file protein_3.txt (compact mmCIF, C-alpha atoms)
# COMPACT_ATOMS: atom_id res chain seq x y z
CA MET A 27 203.29 71.10 194.88
CA ILE A 28 206.43 72.65 193.43
CA ALA A 29 209.06 74.91 194.97
CA LEU A 30 209.68 78.36 193.48
CA THR A 31 211.58 81.52 194.34
CA VAL A 32 209.25 84.53 194.17
CA ASN A 33 210.70 88.01 194.73
CA GLY A 34 213.67 86.50 196.52
CA GLU A 35 211.66 84.25 198.84
CA SER A 36 211.12 80.49 198.68
CA ARG A 37 207.52 79.42 198.14
CA ARG A 38 205.63 76.20 197.51
CA THR A 39 202.61 76.27 195.23
CA SER A 40 200.16 74.07 193.40
CA ALA A 41 199.79 76.66 190.62
CA THR A 42 200.68 75.38 187.16
CA THR A 43 200.82 78.73 185.34
CA ILE A 44 202.05 82.21 186.17
CA ALA A 45 198.49 83.57 186.07
CA GLU A 46 197.38 81.00 188.65
CA LEU A 47 200.33 81.92 190.88
CA VAL A 48 199.57 85.63 190.61
CA ARG A 49 195.94 85.04 191.62
CA GLU A 50 197.12 82.81 194.47
CA LEU A 51 199.07 85.83 195.71
CA ASP A 52 195.82 87.82 195.60
CA LEU A 53 197.10 89.98 192.75
CA ALA A 54 195.46 90.86 189.43
CA PRO A 55 197.44 89.55 186.41
CA GLU A 56 196.51 92.66 184.41
CA LYS A 57 198.17 94.91 187.01
CA VAL A 58 201.60 93.29 187.34
CA ALA A 59 204.68 92.50 185.26
CA VAL A 60 206.49 89.19 185.64
CA GLU A 61 210.04 88.08 184.92
CA HIS A 62 210.31 84.27 184.64
CA ASN A 63 213.81 82.80 184.92
CA GLY A 64 215.34 86.05 183.72
CA THR A 65 212.94 86.56 180.79
CA ILE A 66 209.97 88.93 180.74
CA ALA A 67 206.74 86.96 180.41
CA PRO A 68 204.26 88.84 178.15
CA ARG A 69 201.11 89.72 180.08
CA SER A 70 198.96 88.21 177.34
CA GLU A 71 200.66 84.84 177.87
CA LEU A 72 200.57 84.58 181.68
CA GLY A 73 197.67 82.13 181.50
CA SER A 74 199.63 79.71 179.31
CA HIS A 75 203.10 80.25 180.78
CA ALA A 76 203.83 76.99 182.63
CA LEU A 77 205.70 76.81 185.93
CA SER A 78 208.31 74.20 186.84
CA GLU A 79 210.18 73.09 189.93
CA GLY A 80 212.94 75.56 190.88
CA ASP A 81 211.70 78.46 188.74
CA THR A 82 212.62 82.01 189.78
CA LEU A 83 210.11 84.83 189.35
CA GLU A 84 210.13 88.57 189.94
CA ILE A 85 206.67 90.14 190.17
CA VAL A 86 206.44 93.95 190.16
CA HIS A 87 203.80 96.66 190.04
CA PHE A 88 203.68 100.44 190.22
CA VAL A 89 203.93 102.28 193.54
CA GLY A 90 204.25 105.95 194.42
CA GLY A 91 207.59 107.42 193.39
CA GLY A 92 210.21 109.07 195.58
CA GLN A 93 212.63 107.86 198.22
CA GLY A 94 211.31 109.61 201.31
CA ASP A 95 210.22 106.38 202.98
CA ASP A 96 213.68 104.91 202.46
CA ASP A 97 215.40 107.74 204.35
CA THR A 98 215.18 106.15 207.76
CA TRP A 99 217.47 106.40 210.76
CA SER A 100 218.37 103.84 213.40
CA VAL A 101 219.37 103.91 217.04
CA ALA A 102 220.41 100.82 218.98
CA GLY A 103 219.15 98.59 216.16
CA ARG A 104 215.69 100.20 216.01
CA THR A 105 214.65 101.97 212.84
CA PHE A 106 212.37 104.98 212.51
CA LYS A 107 211.01 107.05 209.63
CA SER A 108 210.32 110.27 211.49
CA ARG A 109 213.37 112.22 212.60
CA LEU A 110 211.30 114.30 215.00
CA ILE A 111 211.02 113.31 218.67
CA VAL A 112 208.53 115.16 220.82
CA GLY A 113 208.01 115.54 224.53
CA THR A 114 204.83 115.08 226.54
CA GLY A 115 204.99 117.94 229.02
CA LYS A 116 203.32 121.38 229.21
CA TYR A 117 200.22 120.52 227.18
CA LYS A 118 196.86 121.63 228.57
CA ASP A 119 195.64 118.03 228.63
CA PHE A 120 196.34 114.54 227.32
CA GLU A 121 193.93 115.02 224.39
CA GLN A 122 195.91 117.98 223.08
CA ASN A 123 199.16 116.08 223.60
CA ALA A 124 197.90 113.11 221.58
CA ALA A 125 196.60 115.38 218.78
CA ALA A 126 199.92 117.23 218.55
CA LEU A 127 201.79 113.93 218.42
CA GLU A 128 199.65 112.75 215.53
CA ALA A 129 200.15 116.03 213.64
CA SER A 130 203.92 115.84 214.15
CA GLY A 131 204.24 112.35 212.70
CA ALA A 132 206.73 111.52 215.46
CA GLU A 133 207.25 107.86 216.38
CA ILE A 134 209.06 108.50 219.66
CA VAL A 135 207.88 110.48 222.68
CA THR A 136 209.85 111.31 225.80
CA VAL A 137 208.06 110.59 229.05
CA ALA A 138 208.96 111.59 232.59
CA VAL A 139 208.83 109.09 235.45
CA ARG A 140 206.75 110.41 238.35
CA ARG A 141 205.03 109.01 241.43
CA VAL A 142 201.58 107.52 241.03
CA ASN A 143 198.81 109.69 242.47
CA VAL A 144 197.79 107.25 245.22
CA SER A 145 194.91 109.52 246.27
CA ASP A 146 193.31 109.09 242.83
CA PRO A 147 194.69 105.89 241.25
CA LYS A 148 191.96 105.89 238.57
CA ALA A 149 192.95 109.30 237.18
CA PRO A 150 193.68 109.36 233.43
CA MET A 151 197.22 108.44 232.44
CA LEU A 152 199.30 109.22 229.37
CA THR A 153 199.12 105.60 228.23
CA ASP A 154 195.33 106.00 227.93
CA TYR A 155 195.89 108.51 225.11
CA ILE A 156 199.23 107.53 223.54
CA ASP A 157 199.55 103.78 223.03
CA PRO A 158 203.05 102.53 223.93
CA LYS A 159 202.47 99.60 221.57
CA LYS A 160 202.25 102.01 218.64
CA ILE A 161 204.53 104.83 219.77
CA THR A 162 207.99 104.27 221.25
CA TYR A 163 208.15 105.62 224.78
CA LEU A 164 211.52 107.09 225.72
CA PRO A 165 211.64 107.40 229.52
CA ASN A 166 213.78 110.33 230.57
CA THR A 167 215.38 111.59 233.76
CA ALA A 168 214.07 115.16 233.66
CA GLY A 169 214.58 116.85 237.01
CA CYS A 170 217.48 114.66 238.11
CA PHE A 171 220.57 116.48 239.41
CA THR A 172 222.79 113.51 240.33
CA ALA A 173 223.87 110.34 238.58
CA ASP A 174 222.38 108.25 241.39
CA ASP A 175 218.94 109.85 241.01
CA ALA A 176 218.98 109.37 237.23
CA ILE A 177 220.02 105.73 237.51
CA ARG A 178 217.36 105.04 240.13
CA THR A 179 214.69 106.67 237.98
CA LEU A 180 215.54 104.59 234.92
CA ARG A 181 215.69 101.36 236.90
CA LEU A 182 212.11 102.08 237.97
CA ALA A 183 211.15 102.93 234.39
CA ARG A 184 212.49 99.62 233.15
CA GLU A 185 210.60 97.78 235.84
CA ALA A 186 207.39 99.64 234.99
CA GLY A 187 207.45 99.21 231.24
CA GLY A 188 210.40 97.03 230.29
CA TRP A 189 212.12 99.90 228.51
CA ASP A 190 215.85 99.75 227.91
CA LEU A 191 216.09 102.55 225.33
CA VAL A 192 216.10 105.63 227.56
CA LYS A 193 216.96 109.32 227.54
CA LEU A 194 219.50 110.35 230.16
CA GLU A 195 219.87 113.90 231.41
CA VAL A 196 221.62 114.92 234.61
CA LEU A 197 221.25 118.62 235.26
CA GLY A 198 223.86 120.84 236.88
CA GLU A 199 221.60 123.51 238.37
CA ALA A 200 218.03 124.77 238.07
CA ARG A 201 218.59 128.20 236.50
CA THR A 202 220.14 127.13 233.19
CA LEU A 203 219.27 123.41 233.23
CA TYR A 204 222.66 122.79 231.67
CA PRO A 205 223.90 119.21 232.00
CA ASP A 206 226.45 118.27 234.65
CA MET A 207 228.80 116.37 232.36
CA ARG A 208 230.76 114.64 235.13
CA GLU A 209 227.57 113.16 236.61
CA THR A 210 226.20 112.47 233.13
CA LEU A 211 229.28 110.48 232.15
CA THR A 212 229.15 108.48 235.39
CA ALA A 213 225.48 107.66 234.86
CA THR A 214 226.09 106.69 231.22
CA GLU A 215 228.80 104.20 232.17
CA THR A 216 226.64 102.58 234.87
CA LEU A 217 223.51 102.37 232.74
CA ALA A 218 225.40 100.86 229.79
CA LYS A 219 226.86 98.18 232.07
CA GLU A 220 223.33 97.36 233.29
CA GLY A 221 222.07 96.79 229.77
CA PHE A 222 220.39 100.14 229.20
CA LEU A 223 220.64 101.91 225.85
CA PRO A 224 221.07 105.56 226.86
CA MET A 225 220.46 108.46 224.50
CA VAL A 226 222.26 111.24 226.32
CA TYR A 227 221.58 114.98 226.67
CA CYS A 228 224.87 116.86 226.70
CA VAL A 229 226.63 120.16 226.17
CA ASP A 230 227.50 121.13 222.59
CA ASP A 231 231.12 120.00 223.03
CA PRO A 232 232.67 117.53 220.55
CA ILE A 233 235.05 116.13 223.19
CA ALA A 234 232.30 115.53 225.73
CA ALA A 235 230.11 113.94 223.06
CA LYS A 236 232.87 111.52 222.11
CA GLN A 237 233.47 110.61 225.76
CA LEU A 238 229.78 109.77 226.13
CA GLU A 239 229.89 107.59 223.04
CA ASP A 240 232.91 105.73 224.40
CA ALA A 241 231.07 105.29 227.71
CA GLY A 242 228.17 103.50 226.01
CA ALA A 243 225.77 106.19 224.79
CA VAL A 244 223.77 104.92 221.80
CA ALA A 245 223.06 108.51 220.73
CA VAL A 246 224.35 111.92 221.79
CA MET A 247 221.93 114.83 222.12
CA PRO A 248 223.70 118.19 222.35
CA LEU A 249 221.63 121.19 223.35
CA GLY A 250 220.99 123.90 220.80
CA ALA A 251 220.22 126.39 223.57
CA PRO A 252 218.97 126.16 227.18
CA ILE A 253 215.95 123.90 227.72
CA GLY A 254 212.68 125.73 227.08
CA SER A 255 214.40 128.93 225.92
CA GLY A 256 213.28 128.86 222.27
CA LEU A 257 216.51 130.61 221.28
CA GLY A 258 217.35 128.21 218.46
CA ILE A 259 220.77 126.69 217.75
CA GLN A 260 223.35 129.06 219.16
CA ASN A 261 226.52 127.33 217.95
CA ARG A 262 226.21 125.63 214.60
CA VAL A 263 229.96 125.03 214.40
CA THR A 264 230.16 122.74 217.44
CA ILE A 265 226.99 120.86 216.50
CA ARG A 266 228.50 120.19 213.09
CA LEU A 267 231.78 119.06 214.67
CA ILE A 268 229.91 116.67 216.97
CA LYS A 269 228.12 115.17 213.98
CA GLU A 270 231.33 114.79 211.98
CA GLY A 271 233.08 113.00 214.85
CA ALA A 272 230.28 110.71 215.99
CA SER A 273 229.61 107.12 215.00
CA VAL A 274 226.25 107.10 216.80
CA PRO A 275 223.20 109.23 215.95
CA VAL A 276 223.35 112.92 216.85
CA LEU A 277 220.10 114.71 217.69
CA VAL A 278 219.69 118.32 218.72
CA ASP A 279 217.93 118.42 222.07
CA ALA A 280 216.64 121.64 223.66
CA GLY A 281 216.37 125.23 222.53
CA VAL A 282 214.24 124.86 219.40
CA GLY A 283 211.64 127.62 219.22
CA THR A 284 210.16 127.51 215.76
CA ALA A 285 210.22 125.59 212.50
CA SER A 286 213.29 127.33 211.09
CA ASP A 287 215.33 126.14 214.11
CA ALA A 288 214.33 122.55 213.39
CA ALA A 289 215.29 122.97 209.74
CA VAL A 290 218.71 124.31 210.73
CA ALA A 291 219.34 121.29 212.95
CA MET A 292 218.63 118.98 210.04
CA GLU A 293 220.63 121.06 207.55
CA LEU A 294 223.66 120.56 209.80
CA GLY A 295 223.36 116.84 209.14
CA CYS A 296 221.88 115.82 212.49
CA ASP A 297 219.96 112.56 212.56
CA GLY A 298 217.03 114.14 214.32
CA VAL A 299 215.74 116.81 216.67
CA LEU A 300 213.86 116.64 219.94
CA MET A 301 211.49 119.31 221.20
CA ASN A 302 208.67 119.87 223.66
CA THR A 303 208.09 123.51 224.64
CA ALA A 304 208.22 124.80 221.06
CA ILE A 305 205.09 122.81 220.26
CA ALA A 306 203.32 122.70 223.63
CA GLU A 307 203.57 126.46 224.29
CA ALA A 308 202.65 127.56 220.78
CA LYS A 309 199.30 129.37 220.54
CA ASP A 310 198.19 126.56 218.22
CA PRO A 311 200.18 123.44 219.25
CA ILE A 312 198.59 121.21 216.60
CA ARG A 313 199.51 123.54 213.77
CA MET A 314 203.02 124.04 215.17
CA ALA A 315 203.46 120.27 215.40
CA ARG A 316 202.61 120.00 211.73
CA ALA A 317 205.02 122.85 210.92
CA MET A 318 207.81 121.07 212.80
CA LYS A 319 207.18 117.88 210.86
CA LEU A 320 207.52 119.74 207.56
CA ALA A 321 210.57 121.69 208.76
CA VAL A 322 212.43 118.53 209.74
CA GLU A 323 211.64 116.99 206.36
CA ALA A 324 212.68 120.16 204.49
CA GLY A 325 215.91 120.48 206.45
CA ARG A 326 216.78 116.85 205.79
CA ASP A 327 216.13 117.26 202.05
CA ALA A 328 218.28 120.40 202.01
CA TYR A 329 221.13 118.55 203.71
CA LEU A 330 220.93 115.60 201.33
CA SER A 331 220.75 117.85 198.27
CA GLY A 332 224.10 119.52 199.03
CA ARG A 333 223.71 123.26 199.35
CA MET A 334 225.44 125.73 197.06
CA ALA A 335 228.79 127.18 198.07
CA THR A 336 228.81 130.54 199.79
CA ARG A 337 230.64 133.40 198.03
CA LYS A 338 232.05 136.72 199.09
CA TYR A 339 230.65 138.59 196.09
CA ALA A 340 227.56 138.39 193.90
CA ASP A 341 227.32 135.85 191.10
CA PRO A 342 224.58 136.60 188.52
CA SER A 343 222.04 133.88 187.82
CA SER A 344 221.56 135.00 184.21
CA PRO A 345 224.49 135.25 181.75
CA LEU A 346 225.64 138.78 180.94
CA ALA A 347 226.67 137.86 177.38
CA GLY A 348 224.09 138.96 174.82
CA LEU A 349 222.61 141.57 177.15
CA ILE A 350 220.42 144.05 175.26

call {"tool": "encode", "arguments": {"input": "protein_3.txt", "output": "C-alpha cells"}}
result
Amino acid sequence: MIALTVNGESRRTSATTIAELVRELDLAPEKVAVEHNGTIAPRSELGSHALSEGDTLEIVHFVGGGQGDDDTWSVAGRTFKSRLIVGTGKYKDFEQNAAALEASGAEIVTVAVRRVNVSDPKAPMLTDYIDPKKITYLPNTAGCFTADDAIRTLRLAREAGGWDLVKLEVLGEARTLYPDMRETLTATETLAKEGFLPMVYCVDDPIAAKQLEDAGAVAVMPLGAPIGSGLGIQNRVTIRLIKEGASVPVLVDAGVGTASDAAVAMELGCDGVLMNTAIAEAKDPIRMARAMKLAVEAGRDAYLSGRMATRKYADPSSPLAGLI
C-alpha cells in the first residue's frame, strides 16, 4: 500500500498505475483526465504510468456547465440552494401541500405549532407527507400576540422536534397582522439567550431590523405588505436599506401575490423570500409554486447581473450614424 493525495484528499491504495487507481475509484479511464505531480498524463499512457509513494493526482471529468448550484445561501451555519421558503397553511389537504412543495423546489417549510387532536390521535399529520429528515421544518409562532406566548410556543416546538432554527413573529393586532416590534425584540433577546436561532418577522424599518440583529436574530424578515394581502412589495426603498445595513440574511416575508413580486424581492438583493397564501390560494397551486421557483431564480440572476442604469430620456439601441 502507498499513500497518495487524490483531488486534495489523502488516500492509500495498492494500485501500481494510474489506470488501476482510476478503476479502483470506479471510474472509466477513457472518460477522465489526470494530472500526475503537476504534469498531464496522456490518456493513452495511463496503463503504464507508475504510481509512487507521496504522489499527487488531480482527476477531472466533464459536468454540466453553469454556476447555479454554487449560488447558495446560509443561515446560522446551514446552507441551502433554494432561496424560496414556503408555508404549509391554507392548502385543501396535505397531498396538495406536498405536491406544491415539490414543485417549488423549496428546502424549508414553515410549520405552525398547534394542539394535538386528542379525540382523533391517529389522524394524518403533516410529517406523514413532508419528511422532516429531507425538508427543514421552520417552526413559527403564527397567531402569537405576546412575547411570552411566542417563547412558550417555541419551547414546545423544540421539545417536540429538537428544532432550534425557528421563525419568530409576534403580532400587534388581528386586523393588519403587523408585528409588535417591542414584544418581538423582547422575544428575540430571550430566545437567543436560550440557544434558539430566531429568524424574525419584522416591519420594513432599517433601524428595527438592525436592533433585531443586535438582539440575536440570525435573519431578519421584513414584510413586503400585510400578511395574506397579495399586494406585493410596497416599499422597495426600505427593503433595500435593510439589506444594505444587515450582516445576517434578509428575506422578504409576507405580501407576495404573484411571481413578479417574488422576482422584485430578489432583484433588491434579498437572500430569499417566504410565502404561503400566494401559492396556496392560487387556482392552480402546483403551477403557481413552479412559477414562484422560476421567479426567484430569475430575480436572483437579474440582481447578480447588475441591471442597466435608469435614464431620464431615451437612448437608442441602434447607432444613428449611417442611417439611410

call {"tool": "residues_around", "arguments": {"input": "protein_3.txt", "residues": "stretch 152-159 of chain A", "least_positions_apart": "3", "cutoff": "7 Å", "atoms": "only C-alpha atoms", "output": "PyMOL selection string"}}
result
chain A and resi 120-121+124+162-163

call {"tool": "residues_around", "arguments": {"input": "protein_3.txt", "residues": "A:Met292", "least_positions_apart": "4", "cutoff": "9 Å", "atoms": "all atoms listed in the file", "output": "list in words"}}
result
Arg109, Leu277, Val278, Asp287, Ala288, Cys296, Asp297, Gly298, Val299, Ala321, Val322, Glu323, Ala324, Gly325, Arg326, Asp327, Ala328 and Tyr329 of chain A

call {"tool": "residues_around", "arguments": {"input": "protein_3.txt", "residues": "A:Gly188", "least_positions_apart": "6", "cutoff": "12 Å", "atoms": "only C-alpha atoms", "output": "count of residues only"}}
result
10

call {"tool": "atom_distance", "arguments": {"input": "protein_3.txt", "atom1": "atom CA of A:Met334", "atom2": "atom CA of A:Val282"}}
result
25.0 Å

call {"tool": "closest_residue", "arguments": {"input": "protein_3.txt", "among": "A:Ser130, A:Ser108, A:Thr214, A:Thr264", "to": "A:Val229", "atoms": "all atoms listed in the file"}}
result
A:Thr264

call {"tool": "residues_around", "arguments": {"input": "protein_3.txt", "residues": "A:Thr65", "least_positions_apart": "2", "cutoff": "12 Å", "atoms": "all atoms listed in the file", "output": "PyMOL selection string"}}
result
chain A and resi 59-63+67-68+75+81-85

call {"tool": "write_last_selection", "arguments": {"input": "protein_3.txt", "atoms": "C-alpha atoms", "output": "PDB file, in the frame of the given file"}}
result
ATOM      1  CA  ALA A  59     204.680  92.500 185.260  1.00  0.00           C
ATOM      2  CA  VAL A  60     206.490  89.190 185.640  1.00  0.00           C
ATOM      3  CA  GLU A  61     210.040  88.080 184.920  1.00  0.00           C
ATOM      4  CA  HIS A  62     210.310  84.270 184.640  1.00  0.00           C
ATOM      5  CA  ASN A  63     213.810  82.800 184.920  1.00  0.00           C
ATOM      6  CA  ALA A  67     206.740  86.960 180.410  1.00  0.00           C
ATOM      7  CA  PRO A  68     204.260  88.840 178.150  1.00  0.00           C
ATOM      8  CA  HIS A  75     203.100  80.250 180.780  1.00  0.00           C
ATOM      9  CA  ASP A  81     211.700  78.460 188.740  1.00  0.00           C
ATOM     10  CA  THR A  82     212.620  82.010 189.780  1.00  0.00           C
ATOM     11  CA  LEU A  83     210.110  84.830 189.350  1.00  0.00           C
ATOM     12  CA  GLU A  84     210.130  88.570 189.940  1.00  0.00           C
ATOM     13  CA  ILE A  85     206.670  90.140 190.170  1.00  0.00           C
TER      14      ILE A  85
END

call {"tool": "atom_distance", "arguments": {"input": "protein_3.txt", "atom1": "atom CA of A:Leu294", "atom2": "atom CA of A:Pro275"}}
result
12.9 Å

call {"tool": "atom_distance", "arguments": {"input": "protein_3.txt", "atom1": "atom CA of A:Glu56", "atom2": "atom CA of A:Ser70"}}
result
8.7 Å
